[in-house]
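I have placed the structure first, in the form of structure tokens, so that the comments after it can refer back to it.
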Amino acid sequence: MVSRSGRRKNLTVFFFLAPTLLAVLVFNVYPILLNTYVSFTNRNKVHPNPDCSVALTGLLDPLCWPVFREHAPTGLAEPYTLADPLFKNYTELLGKLFTVDALLALLRVVLVLLPLALAFFYNQRKTRPDLALASPGMVWLYGILLTLLASFFIDLPGAYANLMKTGDFLAVVARSLIFVVIRVPITFAIGFILAVILNSPYIKGRTFFRVVLFLPWAASSLAILMAKVWEFFFRQQGTINQVLAIFGVDGKAWLQDPTTALAAIIIADIWFSYPFFMVTILGALQAISNDVYEAAEMDGASWWHQLFNITLPLIRPAVLPAIVLTSISAFQMFGTAYAITAGGPSMGAGQPGATEFVMIYAYKQIFQSQNYGRATAFAVILFIMLFGATLYSLRVSRATKGANE
Amino acid sequence: MIRKPSLLGAIAQYTILILAALFAFYPIWFAFLASGRLGDRLYTLNLLGMFIPTEWTFENYRAMLFDKPLLTWLRNSFYVASVTTVVSVVISTSAAFALSRFRFYAREFTLTFLLAVQTFPGVLSLVAVAQVLTALGLFGKHEGLILAYTAGTLVFCTWNLKGYFDTIPVELEEAAMMDGCGPVQSFILIALPLARPAIAITALFGFLSGWGDFVFSSVLVPAPDNMKLVVPGLFSLAGSQSVPWGYFASGAILIIIPTIIVFMALQQFLQSGLTAGGVKG
């Protein structure tokens with residue numbers, strides 16, 4: 001770029017950036033600081049207000065700043081103070097994770113998942129495909145088989161139940177991860193199948209199907225309203241049970257059972273999110289030149305062979321970032337689950353509900369229990385996790401960018 | 001992959017497509033059917049009535065438009081979303097231009113930093129945001145909500161636009177500068193017109209994020225009824241026992257249909273704008 005040097009350039013840059021930086025400081029950075037501070041206090045329903053004479057509180061809580069004093073709500077309630085011990089909120093969340101039992105259970109879960117991780121790294125590391133012992137698909141297959149085998153020998157449900165008892169954090173995060181692990185592959189598969197079919201020139205009415213199949217994406221900008229429609233389907237007297245009644249089957253209360261409630265949310269969320277994959281994959285498929293397939297055809301490659309050795313590797317650069325991004329956003333999914341179950345059904349008093357995913361948990365802790373201290377501690381741990389995931393997604397999209405162009 | 005499918009293959013493909021199309025279309029169609037039925041009849045749908053409108057009334061629409069504050073909600077939402085769009089596009093365009101065109105100290109850092117702070121979950125910063133707005137005296141006001149939305153969309157918009165500016169050749173602006181344009185002039189006269197497609201997409205995203213949001217609007221503008229935005233307003237109707245579900249359905253249809261039409265109209269744009277911007281991270 002034009003080299004303009006010195007103070008003049010810096011001033012121009014500052015002038016261009018200042019509004020954004022200011023907004024980000026006030027609405028992103030400051031909340032993070034305040035959150036981190038509050039996570040070390042006992043702020044909750046009983047102690048809602050700041051004690052401005054404490055130095056850090058006076059500095060960080062806006063209600064303590066002289067300019068804003070008059071807006072501060074004054075109550076008779078005790079002000080909040082630093083938690084005693086300092087990490088109380090964190091230990092309540094992670095709680096009994098650091099006991100022998102829980103750590104052993106964690107180790108078992110890790111052992112079960114080890115083959116999958118190995119398969120992943122093996123496929124990443126390999127630089128020369130012709131030197132590989134097996135194709136990526138086969139490596140994954142072995143990994144999955146080994147994991148299934150391991151979960152058979154190592155008492156996985158036992159370990160899982162053990163971990164669920166260590167505190168809210170693992171329970172909530174595990175539920176969200178289970179949701180992601182089920183939801184993302186299914187959406188990918190549906191999106192992929194539809195994209196492959198729509199990419200075939202022999203299908204009549206392609207435009208029609210494309211428009212109709214695209215509809216849920218358009219509706220997903222108003223996700224929470226459409227999720228309410230889905231909730232109506234699964235109600236006790238809802239659409240599904242009415243259809244079942246016609247066939248003489250007595251439907252159950254789908255949203256009252258932990259497993260079917262999760263299934264209901266997954267189905268609804270698939271509806272919202274498969275078009276994104278479909279469109280992304282379709283775009284990638286259309287970029288593949290026909291010559292590649294013709295050449296493969298000449299060499300007598302079968303349909304499956306072409307699928308695994310041409311199509312999938314070629315769409316990988318476009319699709320991988322999409323998968324990572326979708327996984328991150330599915331992990332933080334709020335609207336669909338909130339509209340359908342609001343976190344329920346209950347798993348016992350004081351315990352997070354069966355479909356209480358991370359954001360629902362946070363929302364409930366803040367706005368229903370007003371348990372600010374714990375919610376903010378939760379936020380801090382989650383932030384660290386999400387930050388790592390985002391850095392990873394950035395690396396993935398950078399790594400694949402070159403191949404994309 | 002491209003060979004002509006056998007008869008069996010073709011049947012399988014059409015079956016999948018038709019099933020998927022039904023799956024995609026049915027929830028919206030159902031909401032449409034429900035919007036034409038009186039609330040108490042919703043639970044006695046016969047099999048036929050689930051697929052075609054066997055009875056139809058405009059009562060729900062009439063009630064939503066004239067008895068319920070739907071139009072006020074719509075106006076509120078439209079106001080908040082449009083102001084958010086304008087403010088965030090103006091601010092993020094200038095930031096994106098600086099980040100794309102100038103090489104300055106901490107440029108890479110600023111980009112990563114923006115992305116990093118964005119990963120802090122929005123629901124969780126709400127308490128602090130609500131506190132800031134209370135302190136500013138903007139809590140419960142539309143202006144406060146606009147500030148919060150703008151801040152929320154800035155990072156995405158900046159990244160998206162920066163990616164697009166990167167694809168515009170610098171030479172044009174350099175030529176303008178040779179002719180005596182300052183950086184501000186070359187930004188407004190050269191870069192902005194060229195970035196129009198990306199700006200349009202960014203604006204649409206800014207608009208939709210305010211239009212469809214539930215959490216921020218329900219927390220930051222909780223009451224009174226005539227201040228609410230349309231999504232939280234309708235959501236409260238859907239959960240209420242005393243209001244017929246048909247009201248909710250007709251209200252939802254009234255705002256979902258235009259949204260879908262806008263989406264469809266801009267479908268091509270959406271795809272190209274996103275890929276052109278190159279925000280994949």
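Just so we're on the same page: first chain in the structure tokens is A, next is B, and so on; residues restart at 1 for each chain, and ligands are numbered from 1 in the order they show up.
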Exercise for the section: Select residues of chain A: the criterion is any atom within 7 Å of an atom of chain B, counting only C-alpha atoms; output as a PyMOL selection string. Expected result: chain A and resi 1-2+13+16-17+19-20+23-24+27-29+31-32+34+62-63+68+71+197+200+202+209+212-213+215-216+218-219+221-222+225+229+237+243+271+293+303+321+359+362-363+379+383+386-387+393-394+397
Dump N, CA and C atoms for the selected residues as a compact mmCIF listing (two decimals), in the first residue's frame?
```
# COMPACT_ATOMS: atom_id res chain seq x y z
N MET A 1 0.84 -1.19 0.00
CA MET A 1 0.00 0.00 0.00
C MET A 1 0.87 1.23 0.00
N VAL A 2 0.25 2.32 -0.33
CA VAL A 2 0.96 3.59 -0.33
C VAL A 2 1.64 3.76 1.02
N VAL A 13 -5.35 5.98 10.76
CA VAL A 13 -5.77 4.64 11.16
C VAL A 13 -6.62 4.72 12.41
N PHE A 16 -10.09 5.89 11.69
CA PHE A 16 -10.93 4.87 11.07
C PHE A 16 -11.36 3.80 12.06
N LEU A 17 -10.45 3.47 13.00
CA LEU A 17 -10.72 2.33 13.88
C LEU A 17 -11.44 2.70 15.16
N PRO A 19 -14.22 4.16 16.40
CA PRO A 19 -15.58 3.79 16.81
C PRO A 19 -15.70 2.30 17.10
N THR A 20 -15.10 1.47 16.22
CA THR A 20 -15.17 0.03 16.44
C THR A 20 -14.49 -0.35 17.75
N ALA A 23 -16.61 0.65 20.77
CA ALA A 23 -17.75 -0.24 20.98
C ALA A 23 -17.30 -1.58 21.54
N VAL A 24 -16.20 -2.09 20.97
CA VAL A 24 -15.73 -3.40 21.43
C VAL A 24 -15.24 -3.32 22.87
N PHE A 27 -18.57 -2.95 25.08
CA PHE A 27 -19.56 -4.03 25.06
C PHE A 27 -18.96 -5.42 24.98
N ASN A 28 -17.66 -5.54 24.76
CA ASN A 28 -17.05 -6.87 24.75
C ASN A 28 -15.99 -7.02 25.82
N VAL A 29 -15.02 -6.11 25.82
CA VAL A 29 -13.90 -6.26 26.75
C VAL A 29 -14.34 -5.99 28.18
N PRO A 31 -17.38 -6.23 29.60
CA PRO A 31 -18.13 -7.34 30.18
C PRO A 31 -17.25 -8.51 30.59
N ILE A 32 -16.20 -8.77 29.78
CA ILE A 32 -15.33 -9.90 30.13
C ILE A 32 -14.62 -9.61 31.46
N LEU A 34 -15.55 -7.49 33.89
CA LEU A 34 -16.52 -7.50 34.99
C LEU A 34 -16.92 -8.94 35.34
N PRO A 62 -20.10 -0.47 37.23
CA PRO A 62 -20.46 0.87 36.74
C PRO A 62 -21.36 1.61 37.72
N LEU A 63 -22.10 0.84 38.53
CA LEU A 63 -23.02 1.49 39.44
C LEU A 63 -22.27 2.23 40.54
N PHE A 68 -22.54 7.78 37.53
CA PHE A 68 -23.75 6.97 37.39
C PHE A 68 -24.39 6.64 38.74
N HIS A 71 -28.16 6.43 39.24
CA HIS A 71 -28.97 5.37 38.64
C HIS A 71 -28.89 4.07 39.44
N ILE A 197 -27.35 -35.10 -4.96
CA ILE A 197 -28.49 -35.33 -5.85
C ILE A 197 -28.79 -34.08 -6.67
N SER A 200 -26.72 -33.38 -9.75
CA SER A 200 -26.84 -34.21 -10.94
C SER A 200 -27.70 -33.51 -11.98
N TYR A 202 -29.31 -34.72 -14.28
CA TYR A 202 -30.44 -35.52 -14.78
C TYR A 202 -31.70 -35.36 -13.95
N PHE A 209 -36.71 -27.80 -6.23
CA PHE A 209 -36.27 -28.49 -5.02
C PHE A 209 -35.28 -27.62 -4.24
N VAL A 212 -37.21 -25.00 -2.28
CA VAL A 212 -37.95 -25.54 -1.14
C VAL A 212 -36.99 -26.00 -0.04
N LEU A 213 -35.91 -26.65 -0.45
CA LEU A 213 -34.98 -27.17 0.54
C LEU A 213 -34.21 -26.05 1.24
N LEU A 215 -35.69 -23.28 2.18
CA LEU A 215 -36.63 -22.57 3.06
C LEU A 215 -36.23 -22.52 4.54
N PRO A 216 -35.84 -23.66 5.15
CA PRO A 216 -35.55 -23.61 6.59
C PRO A 216 -34.45 -22.62 6.94
N ALA A 218 -33.86 -19.77 5.48
CA ALA A 218 -34.49 -18.46 5.53
C ALA A 218 -35.27 -18.30 6.83
N ALA A 219 -35.98 -19.37 7.22
CA ALA A 219 -36.78 -19.28 8.44
C ALA A 219 -35.90 -19.24 9.68
N SER A 221 -33.59 -17.39 10.47
CA SER A 221 -33.28 -16.08 11.03
C SER A 221 -34.32 -15.69 12.08
N LEU A 222 -35.43 -16.39 12.08
CA LEU A 222 -36.42 -16.21 13.14
C LEU A 222 -36.55 -17.53 13.90
N LEU A 225 -39.08 -18.50 16.76
CA LEU A 225 -40.51 -18.62 16.44
C LEU A 225 -40.80 -19.95 15.77
N VAL A 229 -43.10 -23.60 16.71
CA VAL A 229 -43.95 -24.46 15.88
C VAL A 229 -43.54 -25.92 16.08
N GLN A 237 -50.61 -33.17 23.22
CA GLN A 237 -51.72 -33.18 22.27
C GLN A 237 -51.29 -32.61 20.92
N VAL A 243 -51.49 -37.56 14.87
CA VAL A 243 -51.33 -38.48 13.74
C VAL A 243 -51.28 -39.91 14.25
N TRP A 271 -33.53 -29.46 11.10
CA TRP A 271 -34.36 -28.73 10.14
C TRP A 271 -33.78 -27.34 9.87
N TYR A 293 -13.90 -36.61 -13.21
CA TYR A 293 -14.74 -37.81 -13.16
C TYR A 293 -14.60 -38.62 -14.44
N TRP A 303 -18.46 -46.02 -8.53
CA TRP A 303 -19.12 -44.84 -7.98
C TRP A 303 -18.61 -44.54 -6.58
N PRO A 321 -13.94 -25.96 7.23
CA PRO A 321 -14.23 -24.80 8.07
C PRO A 321 -15.71 -24.72 8.44
N MET A 359 -25.64 -22.79 27.00
CA MET A 359 -26.21 -21.45 27.01
C MET A 359 -27.50 -21.39 27.82
N ALA A 362 -26.50 -21.23 31.40
CA ALA A 362 -26.05 -19.89 31.77
C ALA A 362 -27.24 -18.95 31.90
N TYR A 363 -28.13 -19.02 30.93
CA TYR A 363 -29.30 -18.14 30.93
C TYR A 363 -30.14 -18.35 32.20
N ALA A 379 -18.97 -18.85 32.78
CA ALA A 379 -18.63 -18.11 31.56
C ALA A 379 -17.14 -18.08 31.34
N PHE A 383 -15.36 -19.57 28.16
CA PHE A 383 -14.65 -18.63 27.29
C PHE A 383 -13.31 -19.21 26.89
N LEU A 386 -13.95 -21.94 24.33
CA LEU A 386 -14.39 -21.44 23.03
C LEU A 386 -13.28 -20.69 22.32
N PHE A 387 -12.46 -20.01 23.10
CA PHE A 387 -11.34 -19.28 22.54
C PHE A 387 -10.41 -20.25 21.82
N SER A 393 -10.35 -23.09 14.62
CA SER A 393 -11.14 -22.93 13.39
C SER A 393 -10.44 -21.95 12.45
N LEU A 394 -9.79 -20.95 13.03
CA LEU A 394 -9.06 -19.99 12.23
C LEU A 394 -7.92 -20.69 11.50
N SER A 397 -9.32 -22.75 8.66
CA SER A 397 -9.74 -22.03 7.45
C SER A 397 -8.55 -21.41 6.75
```
Exercise for the section: Find the residues near Ile265 in chain A: any atom within 7 Å, counting only C-alpha atoms, skip ones fewer than 2 places away on the same chain, and give them as a PyMOL selection string. Expected result: chain A and resi 261-263+267-269+336-337+340
Problem - Backbone DSSP call of alpha helix (DSSP H) for range 22-195 of chain B, listed as number ranges by chain - result: B: 22-35, 59-62, 70-101, 107-118, 122-136, 142-167, 171-178, 183-186, 192-194
Handout entry: Residue among B:Leu70, B:Ala265, B:Leu19, B:Ala176 lying closest to Leu194 in chain A, counting only C-alpha atoms
Key =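 Closest candidate: B:Leu19.
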Exercise for the section: Do a neighbour search on range 159-169 of chain A at 9 Å with only C-alpha atoms, toss out local chain neighbours closer than 6 positions, and write the hits as number ranges by chain. Expected result: A: 91-99, 101-109, 351-352, 358, 361, 378
Exercise for the section: For each of B:Asn226, B:Ala106, B:Leu33, B:Val89, take the minimum atom-to-atom distance to Asn10 in chain A, counting only C-alpha atoms, then give the residue where this is smallest. Expected result: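 Ranking B:Asn226, B:Ala106, B:Leu33, B:Val89 by distance to Asn10 in chain A, first place goes to B:Ala106.
Using only C-alpha atoms, the contacts of range 289-291 of chain A at a cut-off of 12 Å, with sequence neighbours closer than 3 positions omitted, comprise A:Asn199, A:Ser200, A:Pro201, A:Ala284, A:Leu285, A:Gln286, A:Glu294, A:Ala295, A:Ala296, A:Glu297, A:Met298, A:Gln306, A:Ile310, A:Thr311, A:Leu314, A:Ile315, B:Met1, B:Ile2, B:Arg3.
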